[in-house]
>>> print(open('final.cif').read())   # mmCIF, C-alpha atoms
data_coords
#
loop_
_atom_site.group_PDB
_atom_site.id
_atom_site.type_symbol
_atom_site.label_atom_id
_atom_site.label_comp_id
_atom_site.auth_asym_id
_atom_site.auth_seq_id
_atom_site.Cartn_x
_atom_site.Cartn_y
_atom_site.Cartn_z
ATOM 1 C CA MET U 25 0.000 0.000 0.000
ATOM 2 C CA LYS U 26 1.212 3.471 -0.806
ATOM 3 C CA GLN U 27 2.680 5.296 2.178
ATOM 4 C CA PHE U 28 1.587 8.840 2.930
ATOM 5 C CA ARG U 29 3.684 11.451 4.667
ATOM 6 C CA SER U 30 2.837 12.072 8.288
ATOM 7 C CA ASN U 31 4.432 15.527 8.374
ATOM 8 C CA ALA U 32 1.385 17.680 7.707
ATOM 9 C CA ARG U 33 3.299 20.919 7.090
ATOM 10 C CA ALA U 34 4.024 19.772 3.551
ATOM 11 C CA LEU U 35 0.890 17.707 3.003
ATOM 12 C CA ASN U 36 -0.575 19.902 0.266
ATOM 13 C CA GLU U 37 2.584 20.582 -1.706
ATOM 14 C CA ASP U 38 1.912 17.699 -4.098
ATOM 15 C CA ALA U 39 -1.864 17.371 -3.870
ATOM 16 C CA ALA U 40 -2.297 15.727 -7.284
ATOM 17 C CA GLY U 41 -1.071 18.881 -8.976
ATOM 18 C CA GLY U 42 -3.821 20.946 -7.397
ATOM 19 C CA SER U 43 -3.840 24.350 -5.777
ATOM 20 C CA ARG U 44 -1.710 24.572 -2.685
ATOM 21 C CA ILE U 45 -3.693 25.793 0.316
ATOM 22 C CA PRO U 46 -1.818 28.666 1.997
ATOM 23 C CA ALA U 47 -1.417 28.847 5.761
ATOM 24 C CA ASP U 48 -3.935 31.698 5.789
ATOM 25 C CA ALA U 49 -7.581 32.138 6.745
ATOM 26 C CA GLY U 50 -10.313 31.027 4.354
ATOM 27 C CA ILE U 51 -14.093 30.664 4.375
ATOM 28 C CA GLY U 52 -16.617 28.040 3.381
ATOM 29 C CA LEU U 53 -18.244 28.697 0.007
ATOM 30 C CA ARG U 54 -22.045 28.557 0.206
ATOM 31 C CA GLY U 55 -24.666 29.042 -2.478
ATOM 32 C CA ASP U 56 -26.030 32.198 -0.856
ATOM 33 C CA HIS U 57 -22.727 33.923 -1.570
ATOM 34 C CA TYR U 58 -21.892 32.610 -5.065
ATOM 35 C CA ARG U 59 -22.719 35.791 -6.952
ATOM 36 C CA ARG U 60 -21.035 38.214 -4.592
ATOM 37 C CA MET U 61 -17.923 36.027 -4.301
ATOM 38 C CA ASP U 62 -17.704 35.910 -8.077
ATOM 39 C CA ALA U 63 -18.269 39.643 -8.504
ATOM 40 C CA GLU U 64 -16.198 40.995 -5.625
ATOM 41 C CA HIS U 65 -13.411 38.474 -4.883
ATOM 42 C CA PRO U 66 -13.119 39.442 -1.200
ATOM 43 C CA PRO U 67 -9.692 39.153 0.473
ATOM 44 C CA VAL U 68 -9.745 35.620 1.897
ATOM 45 C CA GLY U 69 -6.955 33.108 1.497
ATOM 46 C CA TRP U 70 -8.873 30.107 0.166
ATOM 47 C CA LEU U 71 -12.282 28.422 -0.105
ATOM 48 C CA GLU U 72 -13.663 25.174 1.259
ATOM 49 C CA VAL U 73 -16.639 23.246 -0.149
ATOM 50 C CA HIS U 74 -18.484 20.083 0.769
ATOM 51 C CA PRO U 75 -17.962 17.865 -2.302
ATOM 52 C CA GLU U 76 -21.369 16.261 -1.722
ATOM 53 C CA ASN U 77 -22.959 19.565 -2.727
ATOM 54 C CA TYR U 78 -21.430 19.104 -6.197
ATOM 55 C CA PHE U 79 -22.416 15.482 -6.877
ATOM 56 C CA GLY U 80 -24.970 16.744 -9.368
ATOM 57 C CA ARG U 81 -23.618 17.443 -12.830
ATOM 58 C CA GLY U 82 -23.725 20.945 -14.268
ATOM 59 C CA GLY U 83 -25.842 23.839 -13.061
ATOM 60 C CA LEU U 84 -24.997 26.959 -11.074
ATOM 61 C CA PRO U 85 -22.934 25.233 -8.360
ATOM 62 C CA HIS U 86 -20.390 23.979 -10.890
ATOM 63 C CA HIS U 87 -20.553 27.209 -12.888
ATOM 64 C CA TYR U 88 -19.484 29.288 -9.903
ATOM 65 C CA LEU U 89 -17.026 26.746 -8.525
ATOM 66 C CA GLU U 90 -15.245 26.688 -11.891
ATOM 67 C CA ARG U 91 -14.989 30.470 -11.878
ATOM 68 C CA LEU U 92 -13.927 30.820 -8.248
ATOM 69 C CA ARG U 93 -11.306 28.084 -8.307
ATOM 70 C CA ALA U 94 -9.459 30.215 -10.869
ATOM 71 C CA VAL U 95 -9.170 32.905 -8.179
ATOM 72 C CA TYR U 96 -8.895 31.009 -4.887
ATOM 73 C CA PRO U 97 -7.190 27.777 -3.791
ATOM 74 C CA LEU U 98 -9.839 25.132 -3.133
ATOM 75 C CA SER U 99 -10.310 22.502 -0.409
ATOM 76 C CA PHE U 100 -12.805 19.598 -0.125
ATOM 77 C CA HIS U 101 -14.371 18.839 3.276
ATOM 78 C CA GLY U 102 -16.459 15.681 3.061
ATOM 79 C CA VAL U 103 -19.444 14.994 5.291
ATOM 80 C CA GLY U 104 -20.907 11.760 3.930
ATOM 81 C CA LEU U 105 -18.339 8.936 3.802
ATOM 82 C CA SER U 106 -19.241 7.699 7.309
ATOM 83 C CA LEU U 107 -15.712 6.428 7.836
ATOM 84 C CA GLY U 108 -16.424 4.987 11.279
ATOM 85 C CA SER U 109 -19.474 2.963 10.216
ATOM 86 C CA VAL U 110 -19.408 -0.838 10.201
ATOM 87 C CA ASP U 111 -21.303 -0.718 6.887
ATOM 88 C CA PRO U 112 -19.080 -1.393 3.865
ATOM 89 C CA LEU U 113 -17.446 1.748 2.576
ATOM 90 C CA ASP U 114 -19.708 3.373 -0.012
ATOM 91 C CA ARG U 115 -17.563 3.026 -3.126
ATOM 92 C CA GLY U 116 -20.047 4.973 -5.237
ATOM 93 C CA HIS U 117 -19.770 7.953 -2.900
ATOM 94 C CA LEU U 118 -15.992 7.646 -2.827
ATOM 95 C CA ALA U 119 -15.812 7.375 -6.606
ATOM 96 C CA ARG U 120 -17.770 10.611 -6.990
ATOM 97 C CA ILE U 121 -15.387 12.406 -4.633
ATOM 98 C CA ALA U 122 -12.455 11.024 -6.611
ATOM 99 C CA GLU U 123 -14.017 12.229 -9.859
ATOM 100 C CA LEU U 124 -14.565 15.712 -8.466
ATOM 101 C CA ALA U 125 -11.052 15.811 -7.009
ATOM 102 C CA ALA U 126 -9.564 14.819 -10.359
ATOM 103 C CA HIS U 127 -11.420 17.697 -11.999
ATOM 104 C CA TYR U 128 -11.130 20.481 -9.403
ATOM 105 C CA ARG U 129 -7.755 19.355 -7.945
ATOM 106 C CA PRO U 130 -8.303 20.559 -4.366
ATOM 107 C CA GLY U 131 -5.270 21.258 -2.216
ATOM 108 C CA LEU U 132 -6.779 19.424 0.774
ATOM 109 C CA VAL U 133 -9.362 16.663 1.207
ATOM 110 C CA SER U 134 -10.768 16.015 4.674
ATOM 111 C CA GLU U 135 -13.396 13.987 6.524
ATOM 112 C CA HIS U 136 -14.482 13.353 10.133
ATOM 113 C CA LEU U 137 -13.705 11.004 12.999
ATOM 114 C CA SER U 138 -17.317 9.867 13.037
ATOM 115 C CA TRP U 139 -19.947 7.579 11.583
ATOM 116 C CA GLY U 140 -23.334 8.435 10.125
ATOM 117 C CA SER U 141 -24.875 5.305 8.643
ATOM 118 C CA TYR U 142 -25.955 1.823 9.705
ATOM 119 C CA GLY U 143 -27.582 -0.904 7.677
ATOM 120 C CA GLY U 144 -27.838 1.403 4.692
ATOM 121 C CA THR U 145 -29.707 4.090 6.657
ATOM 122 C CA HIS U 146 -28.000 7.479 6.811
ATOM 123 C CA PHE U 147 -28.438 9.833 9.750
ATOM 124 C CA ASN U 148 -28.387 13.605 9.599
ATOM 125 C CA ASP U 149 -25.477 13.885 12.010
ATOM 126 C CA LEU U 150 -21.811 13.050 12.498
ATOM 127 C CA LEU U 151 -21.866 10.550 15.358
ATOM 128 C CA PRO U 152 -18.787 9.917 17.561
ATOM 129 C CA LEU U 153 -16.872 6.664 17.886
ATOM 130 C CA PRO U 154 -15.995 4.886 21.112
ATOM 131 C CA LEU U 155 -12.297 5.496 21.730
ATOM 132 C CA THR U 156 -11.279 1.843 21.885
ATOM 133 C CA ARG U 157 -8.520 -0.209 20.322
ATOM 134 C CA GLU U 158 -11.119 -2.034 18.223
ATOM 135 C CA SER U 159 -12.554 1.172 16.759
ATOM 136 C CA LEU U 160 -9.023 2.490 16.182
ATOM 137 C CA GLU U 161 -8.169 -0.623 14.137
ATOM 138 C CA HIS U 162 -11.377 -0.242 12.149
ATOM 139 C CA PHE U 163 -10.910 3.465 11.511
ATOM 140 C CA CYS U 164 -7.268 3.056 10.483
ATOM 141 C CA ALA U 165 -8.320 0.439 7.938
ATOM 142 C CA ARG U 166 -10.981 2.761 6.533
ATOM 143 C CA VAL U 167 -8.574 5.692 6.243
ATOM 144 C CA ASP U 168 -6.039 3.424 4.535
ATOM 145 C CA GLU U 169 -8.732 2.325 2.077
ATOM 146 C CA VAL U 170 -9.793 5.887 1.252
ATOM 147 C CA GLN U 171 -6.229 7.180 0.856
ATOM 148 C CA ALA U 172 -5.307 4.269 -1.390
ATOM 149 C CA TYR U 173 -8.397 4.841 -3.546
ATOM 150 C CA LEU U 174 -7.827 8.590 -3.853
ATOM 151 C CA GLY U 175 -4.055 8.246 -4.163
ATOM 152 C CA ARG U 176 -3.493 11.035 -1.669
ATOM 153 C CA GLN U 177 -3.374 11.906 2.006
ATOM 154 C CA ILE U 178 -6.592 12.990 3.712
ATOM 155 C CA LEU U 179 -7.183 14.937 6.917
ATOM 156 C CA VAL U 180 -9.423 13.718 9.745
ATOM 157 C CA GLU U 181 -11.349 16.159 11.957
ATOM 158 C CA ASN U 182 -12.088 15.749 15.662
ATOM 159 C CA PRO U 183 -15.868 15.790 16.337
ATOM 160 C CA SER U 184 -18.051 17.595 18.837
ATOM 161 C CA THR U 185 -19.598 15.204 21.386
ATOM 162 C CA TYR U 186 -22.420 15.387 23.904
ATOM 163 C CA LEU U 187 -22.081 12.059 25.719
ATOM 164 C CA VAL U 188 -19.049 10.210 27.095
ATOM 165 C CA SER U 189 -18.592 6.523 26.288
ATOM 166 C CA THR U 190 -17.999 4.479 29.446
ATOM 167 C CA GLY U 191 -15.988 1.965 27.434
ATOM 168 C CA ASP U 192 -13.282 4.358 26.194
ATOM 169 C CA GLU U 193 -9.771 2.923 26.420
ATOM 170 C CA MET U 194 -7.846 6.083 25.481
ATOM 171 C CA ASN U 195 -8.391 9.805 25.270
ATOM 172 C CA GLU U 196 -9.137 11.569 21.994
ATOM 173 C CA PRO U 197 -5.683 13.113 21.413
ATOM 174 C CA GLU U 198 -4.097 9.679 21.896
ATOM 175 C CA PHE U 199 -6.569 8.156 19.421
ATOM 176 C CA LEU U 200 -5.920 10.867 16.833
ATOM 177 C CA ASN U 201 -2.143 10.825 17.261
ATOM 178 C CA THR U 202 -2.082 7.047 16.788
ATOM 179 C CA LEU U 203 -4.385 7.271 13.769
ATOM 180 C CA ALA U 204 -2.108 9.811 12.084
ATOM 181 C CA ARG U 205 1.037 7.868 12.892
ATOM 182 C CA ARG U 206 -0.307 4.558 11.613
ATOM 183 C CA THR U 207 -2.054 5.737 8.433
ATOM 184 C CA GLY U 208 -0.022 8.804 7.475
ATOM 185 C CA CYS U 209 -3.196 10.900 7.432
ATOM 186 C CA ALA U 210 -3.118 14.438 8.767
ATOM 187 C CA LEU U 211 -5.335 15.977 11.423
ATOM 188 C CA LEU U 212 -7.855 18.763 11.004
ATOM 189 C CA LEU U 213 -8.204 20.357 14.438
ATOM 190 C CA ASP U 214 -11.591 21.955 14.951
ATOM 191 C CA ILE U 215 -10.886 24.365 17.808
ATOM 192 C CA ASN U 216 -14.569 25.027 18.471
ATOM 193 C CA ASN U 217 -15.201 21.285 18.780
ATOM 194 C CA VAL U 218 -12.412 20.997 21.354
ATOM 195 C CA TYR U 219 -13.941 23.858 23.340
ATOM 196 C CA VAL U 220 -17.499 22.469 23.082
ATOM 197 C CA CYS U 221 -16.370 19.031 24.277
ATOM 198 C CA ALA U 222 -14.310 20.524 27.092
ATOM 199 C CA ARG U 223 -17.270 22.518 28.397
ATOM 200 C CA ASN U 224 -19.674 19.598 27.991
ATOM 201 C CA HIS U 225 -17.423 17.000 29.617
ATOM 202 C CA GLY U 226 -15.454 19.063 32.123
ATOM 203 C CA PHE U 227 -11.838 18.958 30.926
ATOM 204 C CA ASP U 228 -9.284 21.656 30.187
ATOM 205 C CA PRO U 229 -9.203 22.345 26.414
ATOM 206 C CA ARG U 230 -5.640 23.653 26.706
ATOM 207 C CA THR U 231 -4.511 20.203 27.882
ATOM 208 C CA TRP U 232 -6.214 18.660 24.830
ATOM 209 C CA ILE U 233 -4.388 21.044 22.475
ATOM 210 C CA ASP U 234 -1.070 20.420 24.220
ATOM 211 C CA ALA U 235 -1.438 16.635 23.807
ATOM 212 C CA ILE U 236 -1.770 16.692 19.987
ATOM 213 C CA ASP U 237 1.291 15.888 17.876
ATOM 214 C CA ALA U 238 1.897 19.188 16.091
ATOM 215 C CA ARG U 239 3.644 17.451 13.192
ATOM 216 C CA SER U 240 0.373 15.806 12.144
ATOM 217 C CA VAL U 241 -1.804 18.917 12.152
ATOM 218 C CA GLY U 242 -2.592 20.198 8.680
ATOM 219 C CA GLU U 243 -5.509 22.559 9.209
ATOM 220 C CA PHE U 244 -7.648 24.368 11.778
ATOM 221 C CA HIS U 245 -11.395 24.947 11.767
ATOM 222 C CA LEU U 246 -13.187 27.715 13.678
ATOM 223 C CA ALA U 247 -16.935 28.032 14.169
ATOM 224 C CA GLY U 248 -19.652 29.253 16.491
ATOM 225 C CA HIS U 249 -21.819 27.333 18.937
ATOM 226 C CA VAL U 250 -24.956 27.818 21.010
ATOM 227 C CA GLU U 251 -25.495 27.284 24.743
ATOM 228 C CA ASN U 252 -28.591 25.302 25.705
ATOM 229 C CA VAL U 253 -29.498 25.825 29.373
ATOM 230 C CA PHE U 254 -31.421 23.155 31.283
ATOM 231 C CA GLU U 255 -32.503 22.799 34.908
ATOM 232 C CA ASP U 256 -29.502 20.613 35.697
ATOM 233 C CA GLY U 257 -26.867 22.425 33.655
ATOM 234 C CA MET U 258 -25.777 23.640 30.253
ATOM 235 C CA LEU U 259 -24.957 21.844 26.998
ATOM 236 C CA LEU U 260 -22.990 23.487 24.196
ATOM 237 C CA ILE U 261 -24.023 22.564 20.649
ATOM 238 C CA ASP U 262 -21.654 22.909 17.688
ATOM 239 C CA SER U 263 -24.214 24.778 15.581
ATOM 240 C CA HIS U 264 -22.075 26.630 12.987
ATOM 241 C CA ASN U 265 -24.539 29.527 13.060
ATOM 242 C CA ARG U 266 -22.779 32.078 15.261
ATOM 243 C CA PRO U 267 -19.546 34.081 15.283
ATOM 244 C CA VAL U 268 -16.503 32.514 16.917
ATOM 245 C CA CYS U 269 -16.652 33.284 20.649
ATOM 246 C CA ASP U 270 -13.862 34.987 22.608
ATOM 247 C CA ASP U 271 -12.831 31.810 24.467
ATOM 248 C CA VAL U 272 -12.439 29.906 21.180
ATOM 249 C CA TRP U 273 -10.329 32.729 19.738
ATOM 250 C CA THR U 274 -8.092 32.479 22.827
ATOM 251 C CA LEU U 275 -7.802 28.705 22.422
ATOM 252 C CA TYR U 276 -7.035 29.143 18.712
ATOM 253 C CA ARG U 277 -4.208 31.537 19.524
ATOM 254 C CA ARG U 278 -2.753 28.974 21.911
ATOM 255 C CA ALA U 279 -3.009 26.273 19.219
ATOM 256 C CA VAL U 280 -1.260 28.429 16.608
ATOM 257 C CA GLU U 281 1.482 29.409 19.054
ATOM 258 C CA ARG U 282 2.118 25.775 19.978
ATOM 259 C CA ILE U 283 1.490 23.966 16.667
ATOM 260 C CA GLY U 284 2.399 26.637 14.148
ATOM 261 C CA ARG U 285 0.718 28.465 11.320
ATOM 262 C CA ARG U 286 -1.754 26.293 9.402
ATOM 263 C CA PRO U 287 -4.603 26.900 6.916
ATOM 264 C CA THR U 288 -7.596 28.056 8.970
ATOM 265 C CA LEU U 289 -11.232 27.845 7.916
ATOM 266 C CA ILE U 290 -14.197 29.845 9.194
ATOM 267 C CA GLU U 291 -17.212 27.494 9.178
ATOM 268 C CA TRP U 292 -20.744 28.882 9.037
ATOM 269 C CA ASP U 293 -23.381 26.464 7.725
ATOM 270 C CA SER U 294 -26.801 27.741 8.818
ATOM 271 C CA GLU U 295 -28.466 31.100 9.435
ATOM 272 C CA LEU U 296 -25.873 32.446 7.017
ATOM 273 C CA PRO U 297 -24.889 36.077 7.582
ATOM 274 C CA GLU U 298 -23.890 38.605 4.966
ATOM 275 C CA LEU U 299 -20.586 37.859 3.274
ATOM 276 C CA GLU U 300 -18.930 40.750 5.133
ATOM 277 C CA VAL U 301 -19.370 38.875 8.431
ATOM 278 C CA LEU U 302 -17.496 35.816 7.175
ATOM 279 C CA VAL U 303 -14.745 37.960 5.690
ATOM 280 C CA ALA U 304 -14.392 39.823 9.005
ATOM 281 C CA GLU U 305 -14.135 36.531 10.933
ATOM 282 C CA ALA U 306 -11.444 35.366 8.505
ATOM 283 C CA ALA U 307 -9.619 38.669 9.001
ATOM 284 C CA THR U 308 -9.547 38.079 12.763
ATOM 285 C CA ALA U 309 -8.068 34.615 12.234
ATOM 286 C CA GLN U 310 -5.567 36.064 9.758
ATOM 287 C CA GLY U 311 -4.481 38.622 12.339
ATOM 288 C CA ILE U 312 -3.750 35.858 14.841
ATOM 289 C CA LEU U 313 -1.811 33.878 12.235
ATOM 290 C CA GLU U 314 0.246 36.957 11.346
ATOM 291 C CA THR U 315 0.918 37.872 14.980
ATOM 292 C CA CYS U 316 2.008 34.342 15.850
ATOM 293 C CA ARG U 317 4.296 34.212 12.812
ATOM 294 C CA ALA U 318 5.870 37.523 13.856
ATOM 295 C CA VAL U 319 6.456 36.235 17.384
ATOM 296 C CA ALA U 320 8.009 33.014 16.045
ATOM 297 C CA ALA U 321 10.318 35.001 13.764
#
>>> encode(input="final.cif", output="C-alpha cells")
Amino acid sequence: MKQFRSNARALNEDAAGGSRIPADAGIGLRGDHYRRMDAEHPPVGWLEVHPENYFGRGGLPHHYLERLRAVYPLSFHGVGLSLGSVDPLDRGHLARIAELAAHYRPGLVSEHLSWGSYGGTHFNDLLPLPLTRESLEHFCARVDEVQAYLGRQILVENPSTYLVSTGDEMNEPEFLNTLARRTGCALLLDINNVYVCARNHGFDPRTWIDAIDARSVGEFHLAGHVENVFEDGMLLIDSHNRPVCDDVWTLYRRAVERIGRRPTLIEWDSELPELEVLVAEAATAQGILETCRAVAA
C-alpha cells in the first residue's frame, strides 16, 4: 500500500497537482454567496466546499465553482463517507469524490472522525466513535482504504460530542495521534469542537491542544456554537450559526502558538450572515496567524 507522509506541514505541496492551500484564513463557500464572491473576490486566502454539494452534474454550483477556483485555492471537506461505520465503505460515494477531485484538484481533502450510517440508513449527524482499540483498528483500515483509492493523504477532523462513552480505552488526542502515525493521514483540528467538548465533559481544552502531535496537524477549523441551558446544567451545541466566541479565539491563539501556522477555515453552515461577516471573521483569524508568525520570527 502506498505510504503517505505524516508531516502535515508539507501535506498539500503535491496534492495531485492541485492548488496549494496557503497557511492563511479562508471561508466556506455557500450558495447564498456565489454571486457576490464571483463579482467581488473578497480578500480571503482560500475556499472550502463540501464535495457532496457538487455530486450533481452541471448547473450553477459547478458554474461558480469553476470560476472561483481560478481565483482562490480550493479545499474539499467531506461529510458523507461515514468512515467509522461498520457498513461497507460506499464506493459509489468515494468514486464521486475522486471524480470531483480529479477535476477540481483541491489542495486538501478532509473527513471526520465519526460515523453516520448503519444498515444502509444514513443519519443527519456526524456521530462519535468509542475510543477503543477495536474502533481504532477499524478506523485506520478505513482511512487506509480511502487514501489508497484517492491516491493522496486525507485529513481527519475531531468531532463535537455530547455524551461520554464508558468503554473508552484512550483519550481523543491519543486516538488521533495514533491514527495519524499509523495511516499517514493528517489531522484537522476543529478548535470550536475541542472547546465544546471541554465545556460539555469538564476537561481543560488547553490540555487537549497540548497533547496533539503538532507534526500531524494540517488545518484548523473555527466556528460558532450555542449554549442550551437546562434545569440541571448547560450543553454546548456545535451549531455553525454564530460568530466565533472569545474563548475559542483564545484557544485558537494557543493552538497556533504551539502547533504553528496552518490553513484556517471559518465554518458557518446555517443562518448564514452577509458575506462581510465571514470575511471579518477570517480577518480576525488572519491577524492571529500573522501575529504568531511575527512572534516566532
>>> atom_distance(input="final.cif", atom1="CA of Glu76 (chain U)", atom2="CA of Ile121 (chain U)")
7.7 Å
>>> resolve_selection(input="final.cif", expression="the PyMOL selection byres ((chain U and resi 59) around 12)", output="PyMOL selection string")
chain U and resi 53-58+60-66+84-85+87-89+91-92+299
>>> atom_distance(input="final.cif", atom1="CA of Ala49 (chain U)", atom2="CA of Ala309 (chain U)")
6.0 Å
>>> resolve_selection(input="final.cif", expression="the PyMOL selection byres ((chain U and resi 132) around 7)", output="PyMOL selection string")
chain U and resi 36+99-100+130-131+133-134
>>> residues_near_point(input="final.cif", point="(-19.5, 22.5, 13.4)", cutoff="12 Å", atoms="only C-alpha atoms", output="PyMOL selection string")
chain U and resi 52+101+103+136+149-150+181-185+213-221+245-250+260-268+289-294
>>> residues_around(input="final.cif", residues="Leu151 (chain U)", least_positions_apart="4", cutoff="8 Å", atoms="only C-alpha atoms", output="list in words")
Ser138, Trp139, Gly140 and Thr185 of chain U
>>> residues_around(input="final.cif", residues="Leu107 (chain U)", least_positions_apart="4", cutoff="12 Å", atoms="all atoms listed in the file", output="ChimeraX atom specification")
/U:102-103,111-115,117-118,134-142,150-153,159-160,162-171,178,180-181
>>> atom_distance(input="final.cif", atom1="CA of Ala279 (chain U)", atom2="CA of Val241 (chain U)")
10.3 Å
>>> residues_near_point(input="final.cif", point="(-13.8, 6.2, 22.5)", cutoff="7 Å", atoms="all atoms listed in the file", output="list of chain:residue names")
U:Leu153, U:Pro154, U:Leu155, U:Thr156, U:Ser189, U:Gly191, U:Asp192, U:Glu193, U:Met194
>>> closest_residue(input="final.cif", among="U:Gly257, U:Gly82, U:Gly108, U:Gly175", to="Asn224 (chain U)", atoms="all atoms listed in the file")
U:Gly257
>>> closest_residue(input="final.cif", among="U:Ser240, U:Asn195, U:Ser109, U:Thr308", to="Val68 (chain U)", atoms="only C-alpha atoms")
U:Thr308
>>> closest_residue(input="final.cif", among="U:Asn77, U:Tyr128, U:Pro97, U:Phe227", to="Ile51 (chain U)", atoms="only C-alpha atoms")
U:Pro97
>>> axis_aligned_box(input="final.cif", around="region 58-75 of chain U", padding_each_side="8 Å", output="AutoDock Vina command-line options")
--center_x -14.8 --center_y 29.4 --center_z -3.3 --size_x 31.8 --size_y 39.1 --size_z 26.4
>>> decode(input="final.cif", residues="region 283-294 of chain U", atoms="N, CA and C atoms", output="mmCIF file, in the first residue's frame")
data_model
loop_
_atom_site.group_PDB
_atom_site.id
_atom_site.type_symbol
_atom_site.label_atom_id
_atom_site.label_comp_id
_atom_site.auth_asym_id
_atom_site.auth_seq_id
_atom_site.Cartn_x
_atom_site.Cartn_y
_atom_site.Cartn_z
ATOM 1 N N ILE U 283 1.414 24.880 17.809
ATOM 2 C CA ILE U 283 1.490 23.966 16.667
ATOM 3 C C ILE U 283 2.124 24.633 15.454
ATOM 4 N N GLY U 284 1.874 25.920 15.295
ATOM 5 C CA GLY U 284 2.399 26.637 14.148
ATOM 6 C C GLY U 284 1.287 27.107 13.235
ATOM 7 N N ARG U 285 1.670 27.891 12.265
ATOM 8 C CA ARG U 285 0.718 28.465 11.320
ATOM 9 C C ARG U 285 0.204 27.384 10.375
ATOM 10 N N ARG U 286 -1.108 27.278 10.267
ATOM 11 C CA ARG U 286 -1.754 26.293 9.402
ATOM 12 C C ARG U 286 -2.933 26.952 8.688
ATOM 13 N N PRO U 287 -3.363 26.417 7.535
ATOM 14 C CA PRO U 287 -4.603 26.900 6.916
ATOM 15 C C PRO U 287 -5.740 26.862 7.936
ATOM 16 N N THR U 288 -6.539 27.927 7.966
ATOM 17 C CA THR U 288 -7.596 28.056 8.970
ATOM 18 C C THR U 288 -8.902 28.428 8.284
ATOM 19 N N LEU U 289 -9.958 27.686 8.604
ATOM 20 C CA LEU U 289 -11.232 27.845 7.916
ATOM 21 C C LEU U 289 -12.306 28.348 8.881
ATOM 22 N N ILE U 290 -13.021 29.383 8.477
ATOM 23 C CA ILE U 290 -14.197 29.845 9.194
ATOM 24 C C ILE U 290 -15.406 29.072 8.673
ATOM 25 N N GLU U 291 -16.034 28.282 9.547
ATOM 26 C CA GLU U 291 -17.212 27.494 9.178
ATOM 27 C C GLU U 291 -18.483 28.219 9.618
ATOM 28 N N TRP U 292 -19.436 28.303 8.712
ATOM 29 C CA TRP U 292 -20.744 28.882 9.037
ATOM 30 C C TRP U 292 -21.737 28.233 8.084
ATOM 31 N N ASP U 293 -22.582 27.325 8.590
ATOM 32 C CA ASP U 293 -23.381 26.464 7.725
ATOM 33 C C ASP U 293 -24.881 26.721 7.764
ATOM 34 N N SER U 294 -25.370 27.440 8.755
ATOM 35 C CA SER U 294 -26.801 27.741 8.818
ATOM 36 C C SER U 294 -26.992 29.158 9.333
#
